[in-house]
$ cat coords30.pdb   # PDB, C-alpha atoms
ATOM      1  CA  MET A  27     -81.715  20.243 -10.601
ATOM      2  CA  ASN A  28     -84.291  18.319 -12.571
ATOM      3  CA  ALA A  29     -83.844  14.734 -13.765
ATOM      4  CA  SER A  30     -82.956  15.801 -17.289
ATOM      5  CA  SER A  31     -80.174  18.142 -16.111
ATOM      6  CA  ALA A  32     -78.808  15.499 -13.766
ATOM      7  CA  SER A  33     -78.716  12.989 -16.605
ATOM      8  CA  ARG A  34     -76.845  15.421 -18.883
ATOM      9  CA  MET A  35     -74.337  16.201 -16.106
ATOM     10  CA  ALA A  36     -73.728  12.504 -15.456
ATOM     11  CA  SER A  37     -73.169  11.928 -19.144
ATOM     12  CA  SER A  38     -70.656  14.813 -19.271
ATOM     13  CA  ILE A  39     -68.769  13.491 -16.258
ATOM     14  CA  SER A  40     -68.604  10.016 -17.807
ATOM     15  CA  ALA A  41     -67.315  11.433 -21.074
ATOM     16  CA  LEU A  42     -64.623  13.445 -19.290
ATOM     17  CA  ALA A  43     -63.588  10.391 -17.295
ATOM     18  CA  LEU A  44     -63.375   8.293 -20.436
ATOM     19  CA  ALA A  45     -61.307  10.980 -22.199
ATOM     20  CA  ALA A  46     -58.957  11.204 -19.228
ATOM     21  CA  ALA A  47     -58.566   7.437 -19.168
ATOM     22  CA  LEU A  48     -57.815   7.318 -22.870
ATOM     23  CA  LEU A  49     -55.345  10.185 -22.537
ATOM     24  CA  GLY A  50     -53.641   8.399 -19.671
ATOM     25  CA  THR A  51     -53.443   5.203 -21.679
ATOM     26  CA  GLY A  52     -51.990   7.071 -24.618
ATOM     27  CA  CYS A  53     -49.316   8.668 -22.426
ATOM     28  CA  THR A  54     -48.441   5.312 -20.940
ATOM     29  CA  GLU A  55     -48.118   3.743 -24.356
ATOM     30  CA  THR A  56     -45.942   6.648 -25.503
ATOM     31  CA  ARG A  57     -43.691   6.230 -22.474
ATOM     32  CA  ASN A  58     -43.445   2.497 -23.023
ATOM     33  CA  LEU A  59     -42.576   2.939 -26.685
ATOM     34  CA  GLY A  60     -40.039   5.592 -25.824
ATOM     35  CA  SER A  61     -38.453   3.437 -23.134
ATOM     36  CA  SER A  62     -37.790   0.694 -25.685
ATOM     37  CA  VAL A  63     -35.746   2.976 -27.934
ATOM     38  CA  PRO A  64     -32.018   2.256 -27.458
ATOM     39  CA  HIS A  65     -29.914   5.065 -26.032
ATOM     40  CA  GLY A  66     -27.018   4.535 -28.428
ATOM     41  CA  ARG A  67     -26.247   2.866 -31.732
ATOM     42  CA  LEU A  68     -26.719  -0.679 -30.456
ATOM     43  CA  PRO A  69     -29.975  -2.576 -29.880
ATOM     44  CA  VAL A  70     -29.263  -2.727 -26.112
ATOM     45  CA  ASP A  71     -28.020  -0.245 -23.531
ATOM     46  CA  GLU A  72     -27.425   0.376 -19.827
ATOM     47  CA  ARG A  73     -31.027  -0.523 -18.941
ATOM     48  CA  ASN A  74     -30.625  -4.165 -19.966
ATOM     49  CA  PRO A  75     -29.624  -6.775 -17.381
ATOM     50  CA  ILE A  76     -26.312  -8.411 -18.231
ATOM     51  CA  VAL A  77     -24.406 -11.584 -17.513
ATOM     52  CA  LEU A  78     -20.635 -11.636 -17.965
ATOM     53  CA  ALA A  79     -18.993 -14.677 -19.570
ATOM     54  CA  ASN A  80     -15.206 -14.706 -19.361
ATOM     55  CA  ASP A  81     -12.176 -16.757 -18.357
ATOM     56  CA  GLY A  82      -9.276 -15.177 -16.421
ATOM     57  CA  ALA A  83      -9.855 -12.335 -13.983
ATOM     58  CA  HIS A  84      -6.523 -10.512 -14.172
ATOM     59  CA  ASP A  85      -5.783  -9.503 -17.773
ATOM     60  CA  ASN A  86      -8.349  -6.717 -18.273
ATOM     61  CA  TRP A  87     -10.819  -4.467 -16.439
ATOM     62  CA  GLN A  88     -14.120  -5.978 -17.596
ATOM     63  CA  GLY A  89     -15.209  -7.078 -14.133
ATOM     64  CA  GLU A  90     -14.264  -3.798 -12.468
ATOM     65  CA  TYR A  91     -16.237  -1.756 -14.986
ATOM     66  CA  ALA A  92     -19.195  -4.094 -14.515
ATOM     67  CA  VAL A  93     -19.401  -3.943 -10.708
ATOM     68  CA  LEU A  94     -18.934  -0.168 -10.646
ATOM     69  CA  LEU A  95     -21.441   0.674 -13.373
ATOM     70  CA  ALA A  96     -23.985  -1.698 -11.849
ATOM     71  CA  ASN A  97     -24.066   0.557  -8.780
ATOM     72  CA  VAL A  98     -24.467   3.905 -10.561
ATOM     73  CA  GLY A  99     -27.340   3.304 -12.944
ATOM     74  CA  GLY A 100     -25.490   1.070 -15.390
ATOM     75  CA  PRO A 101     -26.505  -2.436 -16.431
ATOM     76  CA  LYS A 102     -27.725  -4.674 -13.634
ATOM     77  CA  LEU A 103     -25.125  -7.414 -13.176
ATOM     78  CA  ALA A 104     -27.267 -10.541 -13.096
ATOM     79  CA  GLY A 105     -24.534 -13.173 -13.336
ATOM     80  CA  ILE A 106     -20.845 -13.941 -13.815
ATOM     81  CA  ILE A 107     -19.958 -17.110 -15.745
ATOM     82  CA  VAL A 108     -16.337 -18.198 -15.560
ATOM     83  CA  SER A 109     -14.810 -20.711 -17.961
ATOM     84  CA  SER A 110     -11.352 -21.688 -19.170
ATOM     85  CA  SER A 111      -9.452 -21.021 -22.385
ATOM     86  CA  PRO A 112      -6.007 -21.658 -23.859
ATOM     87  CA  PRO A 113      -4.579 -18.514 -22.203
ATOM     88  CA  TRP A 114      -6.405 -19.308 -18.942
ATOM     89  CA  PRO A 115      -6.648 -23.123 -18.698
ATOM     90  CA  ASP A 116      -6.974 -23.425 -14.897
ATOM     91  CA  ILE A 117     -10.677 -23.183 -14.033
ATOM     92  CA  ASP A 118      -9.937 -23.216 -10.291
ATOM     93  CA  ALA A 119      -7.590 -20.251 -10.595
ATOM     94  CA  ASN A 120     -10.050 -18.446 -12.819
ATOM     95  CA  ILE A 121     -12.981 -18.812 -10.445
ATOM     96  CA  ALA A 122     -10.766 -17.845  -7.495
ATOM     97  CA  GLY A 123      -9.798 -14.646  -9.294
ATOM     98  CA  TRP A 124     -13.381 -13.638  -9.952
ATOM     99  CA  ARG A 125     -14.342 -14.467  -6.375
ATOM    100  CA  GLY A 126     -11.568 -12.147  -5.246
ATOM    101  CA  LEU A 127     -13.083  -9.284  -7.240
ATOM    102  CA  VAL A 128     -16.576 -10.007  -5.933
ATOM    103  CA  THR A 129     -15.342 -10.152  -2.339
ATOM    104  CA  ALA A 130     -13.524  -6.817  -2.693
ATOM    105  CA  ALA A 131     -16.529  -5.170  -4.344
ATOM    106  CA  ARG A 132     -18.960  -6.318  -1.654
ATOM    107  CA  ALA A 133     -16.579  -5.393   1.172
ATOM    108  CA  SER A 134     -16.363  -1.889  -0.307
ATOM    109  CA  GLY A 135     -20.116  -1.394  -0.176
ATOM    110  CA  LEU A 136     -21.092  -2.267  -3.741
ATOM    111  CA  ARG A 137     -24.471  -3.930  -3.917
ATOM    112  CA  ASP A 138     -26.131  -6.704  -5.919
ATOM    113  CA  ILE A 139     -22.903  -8.362  -7.026
ATOM    114  CA  PRO A 140     -23.599 -12.034  -7.862
ATOM    115  CA  ASP A 141     -21.399 -15.003  -7.031
ATOM    116  CA  PRO A 142     -19.354 -16.287  -9.988
ATOM    117  CA  ILE A 143     -20.399 -19.595 -11.542
ATOM    118  CA  ALA A 144     -17.746 -22.022 -12.783
ATOM    119  CA  SER A 145     -18.648 -23.489 -16.169
ATOM    120  CA  ILE A 146     -16.849 -26.508 -17.574
ATOM    121  CA  GLY A 147     -17.242 -27.583 -21.175
ATOM    122  CA  PRO A 148     -14.895 -28.086 -24.140
ATOM    123  CA  PRO A 149     -15.206 -26.209 -27.435
ATOM    124  CA  LEU A 150     -18.148 -27.458 -29.466
ATOM    125  CA  VAL A 151     -17.559 -29.861 -32.336
ATOM    126  CA  ARG A 152     -19.016 -29.305 -35.784
ATOM    127  CA  PRO A 153     -21.072 -32.384 -36.720
ATOM    128  CA  ALA A 154     -20.226 -34.199 -39.926
ATOM    129  CA  SER A 155     -23.491 -33.035 -41.451
ATOM    130  CA  GLY A 156     -22.623 -29.387 -40.819
ATOM    131  CA  GLU A 157     -26.118 -28.895 -39.346
ATOM    132  CA  ILE A 158     -26.152 -26.630 -36.310
ATOM    133  CA  ASP A 159     -28.971 -28.478 -34.581
ATOM    134  CA  ALA A 160     -27.093 -31.767 -34.854
ATOM    135  CA  THR A 161     -24.322 -30.418 -32.588
ATOM    136  CA  THR A 162     -23.807 -32.321 -29.348
ATOM    137  CA  PRO A 163     -24.324 -29.884 -26.450
ATOM    138  CA  ASN A 164     -22.124 -29.693 -23.358
ATOM    139  CA  ARG A 165     -25.090 -28.794 -21.145
ATOM    140  CA  SER A 166     -22.666 -26.719 -19.119
ATOM    141  CA  GLU A 167     -23.373 -24.784 -15.959
ATOM    142  CA  GLY A 168     -22.935 -21.536 -17.859
ATOM    143  CA  ALA A 169     -25.404 -22.522 -20.554
ATOM    144  CA  ARG A 170     -27.973 -23.523 -17.956
ATOM    145  CA  SER A 171     -27.507 -20.167 -16.216
ATOM    146  CA  ILE A 172     -28.014 -18.225 -19.443
ATOM    147  CA  VAL A 173     -31.256 -20.070 -20.152
ATOM    148  CA  GLU A 174     -32.495 -19.589 -16.581
ATOM    149  CA  MET A 175     -31.570 -15.906 -16.308
ATOM    150  CA  SER A 176     -33.030 -15.079 -19.711
ATOM    151  CA  THR A 177     -36.312 -16.717 -18.668
ATOM    152  CA  ARG A 178     -36.410 -14.885 -15.362
ATOM    153  CA  LEU A 179     -35.096 -11.431 -16.272
ATOM    154  CA  SER A 180     -35.746 -10.630 -19.915
ATOM    155  CA  LEU A 181     -38.668  -8.571 -21.155
ATOM    156  CA  PRO A 182     -39.880  -8.388 -24.765
ATOM    157  CA  TYR A 183     -38.355  -4.910 -25.094
ATOM    158  CA  ARG A 184     -35.444  -5.457 -22.695
ATOM    159  CA  PRO A 185     -33.657  -8.775 -23.304
ATOM    160  CA  LEU A 186     -30.845 -10.198 -21.211
ATOM    161  CA  VAL A 187     -27.434  -9.299 -22.625
ATOM    162  CA  VAL A 188     -24.675 -11.901 -22.513
ATOM    163  CA  VAL A 189     -21.421  -9.924 -22.519
ATOM    164  CA  THR A 190     -18.499 -12.147 -23.488
ATOM    165  CA  GLY A 191     -14.759 -11.737 -23.186
ATOM    166  CA  GLY A 192     -13.728 -15.261 -24.094
ATOM    167  CA  ARG A 193     -15.008 -18.116 -26.209
ATOM    168  CA  LEU A 194     -18.680 -18.302 -27.111
ATOM    169  CA  THR A 195     -19.079 -21.944 -26.086
ATOM    170  CA  ASP A 196     -21.531 -21.416 -23.227
ATOM    171  CA  VAL A 197     -23.704 -19.088 -25.320
ATOM    172  CA  ALA A 198     -23.964 -21.538 -28.212
ATOM    173  CA  ASP A 199     -24.522 -24.351 -25.718
ATOM    174  CA  ALA A 200     -27.483 -22.428 -24.272
ATOM    175  CA  TYR A 201     -29.081 -22.418 -27.724
ATOM    176  CA  LEU A 202     -28.498 -26.157 -28.146
ATOM    177  CA  MET A 203     -30.234 -26.755 -24.809
ATOM    178  CA  ASP A 204     -33.122 -24.367 -25.438
ATOM    179  CA  PRO A 205     -33.488 -22.750 -28.885
ATOM    180  CA  THR A 206     -36.049 -20.274 -27.512
ATOM    181  CA  VAL A 207     -33.263 -18.542 -25.568
ATOM    182  CA  THR A 208     -32.559 -16.523 -28.722
ATOM    183  CA  ASP A 209     -35.894 -14.739 -28.210
ATOM    184  CA  ARG A 210     -34.753 -13.558 -24.779
ATOM    185  CA  ALA A 211     -31.045 -12.783 -25.145
ATOM    186  CA  VAL A 212     -28.664 -10.593 -27.125
ATOM    187  CA  VAL A 213     -24.947 -11.446 -27.287
ATOM    188  CA  VAL A 214     -22.336  -8.668 -27.191
ATOM    189  CA  SER A 215     -18.772  -9.930 -27.627
ATOM    190  CA  SER A 216     -15.302  -8.475 -27.355
ATOM    191  CA  LEU A 217     -13.913 -10.338 -30.292
ATOM    192  CA  GLY A 218     -12.121 -10.320 -33.622
ATOM    193  CA  THR A 219     -11.181  -7.452 -35.906
ATOM    194  CA  ALA A 220     -12.784  -5.011 -38.293
ATOM    195  CA  THR A 221     -11.943  -5.559 -41.961
ATOM    196  CA  ASP A 222     -12.493  -3.727 -45.239
ATOM    197  CA  SER A 223     -15.517  -5.917 -45.955
ATOM    198  CA  GLY A 224     -16.915  -6.038 -42.407
ATOM    199  CA  GLY A 225     -15.400  -8.091 -39.607
ATOM    200  CA  ALA A 226     -13.470 -11.262 -38.880
ATOM    201  CA  MET A 227     -14.326 -13.583 -35.981
ATOM    202  CA  ALA A 228     -10.675 -14.260 -35.282
ATOM    203  CA  ALA A 229      -8.281 -13.433 -32.448
ATOM    204  CA  PRO A 230      -8.856 -12.173 -29.889
ATOM    205  CA  ASN A 231     -11.393 -14.713 -28.632
ATOM    206  CA  GLY A 232     -12.915 -15.648 -31.997
ATOM    207  CA  GLU A 233     -10.349 -18.370 -32.606
ATOM    208  CA  MET A 234     -11.142 -20.261 -29.376
ATOM    209  CA  ASP A 235     -14.337 -22.015 -30.533
ATOM    210  CA  PRO A 236     -15.094 -21.376 -34.228
ATOM    211  CA  TRP A 237     -18.154 -23.636 -34.321
ATOM    212  CA  ALA A 238     -19.670 -21.811 -31.344
ATOM    213  CA  ASP A 239     -19.038 -18.552 -33.239
ATOM    214  CA  ALA A 240     -20.945 -19.963 -36.198
ATOM    215  CA  ILE A 241     -23.884 -21.033 -34.016
ATOM    216  CA  VAL A 242     -24.133 -17.699 -32.214
ATOM    217  CA  THR A 243     -24.030 -15.574 -35.366
ATOM    218  CA  ALA A 244     -26.542 -17.826 -37.128
ATOM    219  CA  ARG A 245     -29.062 -17.972 -34.290
ATOM    220  CA  PHE A 246     -28.706 -15.028 -31.866
ATOM    221  CA  ARG A 247     -28.986 -11.282 -32.159
ATOM    222  CA  PHE A 248     -25.255 -10.610 -32.110
ATOM    223  CA  VAL A 249     -23.020  -7.580 -31.609
ATOM    224  CA  GLN A 250     -19.287  -7.931 -32.268
ATOM    225  CA  VAL A 251     -17.188  -5.216 -30.652
ATOM    226  CA  SER A 252     -13.880  -4.979 -32.483
ATOM    227  CA  ALA A 253     -13.007  -1.425 -31.417
ATOM    228  CA  PHE A 254     -10.232  -1.867 -28.885
ATOM    229  CA  TYR A 255      -8.035   0.633 -27.074
ATOM    230  CA  ASP A 256      -4.928   0.621 -24.887
ATOM    231  CA  GLN A 257      -6.272  -0.710 -21.578
ATOM    232  CA  LEU A 258      -3.059   0.252 -19.770
ATOM    233  CA  THR A 259      -4.389   3.802 -19.849
ATOM    234  CA  ASP A 260      -7.418   2.877 -17.724
ATOM    235  CA  VAL A 261      -5.384   2.650 -14.525
ATOM    236  CA  PRO A 262      -1.883   4.030 -15.115
ATOM    237  CA  ALA A 263       0.730   3.671 -12.387
ATOM    238  CA  ALA A 264       0.712   7.445 -11.905
ATOM    239  CA  ARG A 265      -2.882   7.297 -10.625
ATOM    240  CA  LEU A 266      -2.591   4.395  -8.181
ATOM    241  CA  SER A 267      -2.333   6.836  -5.274
ATOM    242  CA  GLU A 268      -5.786   8.191  -6.182
ATOM    243  CA  LEU A 269      -7.573   4.876  -5.724
ATOM    244  CA  PRO A 270     -10.153   4.785  -2.930
ATOM    245  CA  ALA A 271      -8.978   3.473   0.423
ATOM    246  CA  ASN A 272     -11.234   0.426   0.404
ATOM    247  CA  PRO A 273     -10.895  -3.245  -0.577
ATOM    248  CA  LEU A 274     -11.799  -2.573  -4.214
ATOM    249  CA  GLY A 275      -9.135   0.119  -4.429
ATOM    250  CA  ALA A 276      -6.607  -2.332  -2.980
ATOM    251  CA  TRP A 277      -7.743  -5.030  -5.443
ATOM    252  CA  ILE A 278      -7.299  -2.682  -8.409
ATOM    253  CA  ALA A 279      -3.851  -1.585  -7.203
ATOM    254  CA  ALA A 280      -2.732  -5.222  -6.866
ATOM    255  CA  LYS A 281      -4.134  -6.142 -10.275
ATOM    256  CA  GLN A 282      -2.746  -3.152 -12.189
ATOM    257  CA  PRO A 283       0.726  -4.628 -12.859
ATOM    258  CA  LYS A 284      -0.870  -7.826 -14.235
ATOM    259  CA  ILE A 285      -2.973  -6.146 -16.954
ATOM    260  CA  TRP A 286      -1.967  -7.399 -20.383
ATOM    261  CA  ASN A 287      -0.185  -4.964 -22.663
ATOM    262  CA  LEU A 288      -2.321  -5.883 -25.665
ATOM    263  CA  PRO A 289      -3.951  -2.778 -27.167
ATOM    264  CA  GLU A 290      -6.036  -4.979 -29.500
ATOM    265  CA  ALA A 291      -7.491  -7.248 -26.829
ATOM    266  CA  ALA A 292      -9.358  -5.379 -24.097
ATOM    267  CA  ASP A 293     -12.319  -7.514 -23.038
ATOM    268  CA  GLN A 294     -14.033  -4.585 -21.331
ATOM    269  CA  VAL A 295     -14.981  -3.048 -24.684
ATOM    270  CA  ALA A 296     -18.062  -5.285 -24.931
ATOM    271  CA  LEU A 297     -19.179  -4.291 -21.444
ATOM    272  CA  VAL A 298     -18.717  -0.549 -21.943
ATOM    273  CA  ALA A 299     -20.365  -0.674 -25.380
ATOM    274  CA  VAL A 300     -23.527  -1.692 -23.512
ATOM    275  CA  GLY A 301     -23.058   0.275 -20.286
ATOM    276  CA  ILE A 302     -21.758   3.545 -21.772
ATOM    277  CA  PRO A 303     -23.637   4.062 -25.072
ATOM    278  CA  SER A 304     -21.348   6.908 -26.212
ATOM    279  CA  PHE A 305     -18.457   4.414 -26.526
ATOM    280  CA  ALA A 306     -19.627   2.925 -29.836
ATOM    281  CA  VAL A 307     -19.169   5.688 -32.412
ATOM    282  CA  GLU A 308     -19.157   3.616 -35.615
ATOM    283  CA  VAL A 309     -21.553   0.694 -35.900
ATOM    284  CA  LYS A 310     -22.211  -1.263 -39.085
ATOM    285  CA  ARG A 311     -24.938  -3.773 -39.807
ATOM    286  CA  VAL A 312     -23.458  -7.067 -40.945
ATOM    287  CA  SER A 313     -24.474 -10.569 -41.988
ATOM    288  CA  PRO A 314     -22.553 -13.759 -41.236
ATOM    289  CA  ALA A 315     -21.045 -15.483 -44.246
ATOM    290  CA  ALA A 316     -21.722 -19.139 -44.950
ATOM    291  CA  LEU A 317     -21.236 -21.609 -42.121
ATOM    292  CA  ILE A 318     -17.618 -22.589 -41.616
ATOM    293  CA  GLY A 319     -16.290 -25.932 -42.719
ATOM    294  CA  ALA A 320     -14.593 -28.627 -40.686
ATOM    295  CA  GLY A 321     -11.270 -27.637 -39.189
ATOM    296  CA  ALA A 322     -11.832 -23.873 -39.470
ATOM    297  CA  SER A 323      -9.496 -21.812 -37.300
ATOM    298  CA  ALA A 324     -11.888 -18.895 -36.847
ATOM    299  CA  GLY A 325     -15.576 -18.119 -36.954
ATOM    300  CA  PRO A 326     -17.465 -16.972 -40.047
ATOM    301  CA  ASP A 327     -16.695 -13.604 -41.587
ATOM    302  CA  LEU A 328     -19.187 -10.803 -41.002
ATOM    303  CA  VAL A 329     -20.015  -8.987 -44.228
ATOM    304  CA  THR A 330     -21.293  -5.413 -44.332
ATOM    305  CA  ASP A 331     -25.010  -5.475 -45.094
ATOM    306  CA  PRO A 332     -27.360  -2.524 -44.415
ATOM    307  CA  ASN A 333     -30.131  -5.000 -43.621
ATOM    308  CA  GLY A 334     -27.953  -7.515 -41.793
ATOM    309  CA  PRO A 335     -29.130  -9.159 -38.559
ATOM    310  CA  ALA A 336     -25.922  -8.424 -36.606
ATOM    311  CA  TRP A 337     -23.975  -5.343 -35.556
ATOM    312  CA  LEU A 338     -20.248  -4.586 -35.698
ATOM    313  CA  VAL A 339     -18.655  -1.856 -33.576
ATOM    314  CA  SER A 340     -15.599  -0.778 -35.540
ATOM    315  CA  GLN A 341     -14.697   2.552 -33.916
ATOM    316  CA  SER A 342     -14.970   3.751 -30.330
ATOM    317  CA  ALA A 343     -14.389   6.713 -28.031
ATOM    318  CA  SER A 344     -12.323   5.456 -25.101
ATOM    319  CA  ALA A 345     -11.432   8.752 -23.412
ATOM    320  CA  GLY A 346     -14.963   9.259 -22.110
ATOM    321  CA  VAL A 347     -15.019   5.691 -20.843
ATOM    322  CA  ARG A 348     -11.876   6.207 -18.746
ATOM    323  CA  ASP A 349     -13.267   9.465 -17.400
ATOM    324  CA  ARG A 350     -16.474   7.717 -16.394
ATOM    325  CA  PHE A 351     -14.527   4.880 -14.724
ATOM    326  CA  TRP A 352     -12.582   7.299 -12.518
ATOM    327  CA  GLN A 353     -15.603   9.492 -11.825
ATOM    328  CA  VAL A 354     -17.489   6.503 -10.441
ATOM    329  CA  LEU A 355     -14.452   5.099  -8.647
ATOM    330  CA  LEU A 356     -13.692   8.369  -6.826
ATOM    331  CA  ASP A 357     -17.272   9.239  -5.920
ATOM    332  CA  PRO A 358     -17.866   8.238  -2.260
ATOM    333  CA  THR A 359     -21.592   7.756  -2.934
ATOM    334  CA  THR A 360     -20.712   4.822  -5.233
ATOM    335  CA  PHE A 361     -19.838   2.841  -2.119
ATOM    336  CA  GLY A 362     -22.704   4.164  -0.013
ATOM    337  CA  PRO A 363     -24.858   2.174   2.398
TER     338      PRO A 363
END

$ encode --input "coords30.pdb" --output "structure tokens"
Amino acid sequence: MNASSASRMASSISALALAAALLGTGCTETRNLGSSVPHGRLPVDERNPIVLANDGAHDNWQGEYAVLLANVGGPKLAGIIVSSSPPWPDIDANIAGWRGLVTAARASGLRDIPDPIASIGPPLVRPASGEIDATTPNRSEGARSIVEMSTRLSLPYRPLVVVTGGRLTDVADAYLMDPTVTDRAVVVSSLGTATDSGGAMAAPNGEMDPWADAIVTARFRFVQVSAFYDQLTDVPAARLSELPANPLGAWIAAKQPKIWNLPEAADQVALVAVGIPSFAVEVKRVSPAALIGAGASAGPDLVTDPNGPAWLVSQSASAGVRDRFWQVLLDPTTFGP
């Protein structure tokens, strides 16, 4: 081979290598773009890390869904923040309940279940000026944890999800401590009701800290899940004998009689809306109405708006959720080594 032929061959090899590199880069970019597309109708899904924020441990199945799904490809459970509320005023009892669930889950072989964090802070007070940023923060343990976890775990295309089943105090408090947290977190709340015009941030949970509701809807990417179902059907008495013979099965059997008979207040709906994308079957874009005034008994209304910054889940499919719960619960590999 003469020098000219060798030069042409080298040039061809370089061109092929460059083309392959560009093709590889293009494929990678396509995969990355595809991976950022939500799996369901919400802006987040089972690939996002989550932190639970709730009060009592015995009135619903939010925690049980969370620990089970976290071990079968569902959302990574990064944290559990436990607070108090009017229905659950005893913080010591609340944290003890969540520790009981965590202990049972770990003893049954479930992995990566975090210790609960007790968070103490009263409902936030609307300042006389009505300016959000003039609000006095609690600087609670829960707020600090949200800021820290969002910094450590969120990615630009995969933010931390704060899943709430109680008041939004700790979430709003996190913003007051560090306004940049809104770039790294999405809030998904079991809360309120759907209305003809959109949604109301009222009972359940929306009445507990109206000013925190106003802060969260004004500053965070927010999803209100107001599509409840009869949570007594998740674990009916007739199926108790099917529970696995492990500590988590025993925990669920002991808790089953304590579940609240409130078809319009199942805190787990926020968790499953993220972890099981098929749950949310009707989702509307909404905008928060004007900031609430002093003495308001509920958060701001959410008004239907095709270009609104928030989402409202108004209808759900619960049958598939129950089926998934029992499928995971009865699969021995869920509790594998």

$ residues_around --input "coords30.pdb" --residues "Leu68 of chain A" --least-positions-apart "2" --cutoff "8 Å" --atoms "only C-alpha atoms" --output "compact mmCIF listing (two decimals) with C-alpha atoms, in the frame of the given file"
# COMPACT_ATOMS: atom_id res chain seq x y z
CA PRO A 64 -32.02 2.26 -27.46
CA HIS A 65 -29.91 5.07 -26.03
CA GLY A 66 -27.02 4.54 -28.43
CA VAL A 70 -29.26 -2.73 -26.11
CA ASP A 71 -28.02 -0.24 -23.53
CA VAL A 249 -23.02 -7.58 -31.61
CA VAL A 300 -23.53 -1.69 -23.51
CA PRO A 303 -23.64 4.06 -25.07
CA ALA A 306 -19.63 2.92 -29.84
CA VAL A 309 -21.55 0.69 -35.90
CA TRP A 337 -23.98 -5.34 -35.56

$ resolve_selection --input "coords30.pdb" --expression "the PyMOL selection byres ((chain A and resi 110) around 8)" --output "list in words"
Asn80, Asp81, Gly82, Val108, Ser109, Ser111, Pro112, Trp114, Pro115, Asp116, Ile117, Asn120 and Ile146 of chain A

$ closest_residue --input "coords30.pdb" --among "A:Pro185, A:Pro149, A:Gly334, A:Gly191" --to "Val207 of chain A" --atoms "all atoms listed in the file"
A:Pro185

$ residues_around --input "coords30.pdb" --residues "Glu90 of chain A" --least-positions-apart "6" --cutoff "9 Å" --atoms "all atoms listed in the file" --output "VMD selection string"
chain A and resid 127 131 274 278 294 351

$ atom_distance --input "coords30.pdb" --atom1 "atom CA of Val307 of chain A" --atom2 "atom CA of Ala240 of chain A"
26.0 Å

$ resolve_selection --input "coords30.pdb" --expression "the PyMOL selection byres ((chain A and resi 242-248) around 6)" --output "VMD selection string"
chain A and resid 198 208 212 to 213 239 to 241 249 336

$ closest_residue --input "coords30.pdb" --among "A:Val187, A:Ala253, A:Arg132, A:Val298" --to "Gly225 of chain A" --atoms "all atoms listed in the file"
A:Ala253

$ closest_residue --input "coords30.pdb" --among "A:Pro69, A:Ser180, A:Ala291, A:Asp357" --to "Pro335 of chain A" --atoms "only C-alpha atoms"
A:Pro69
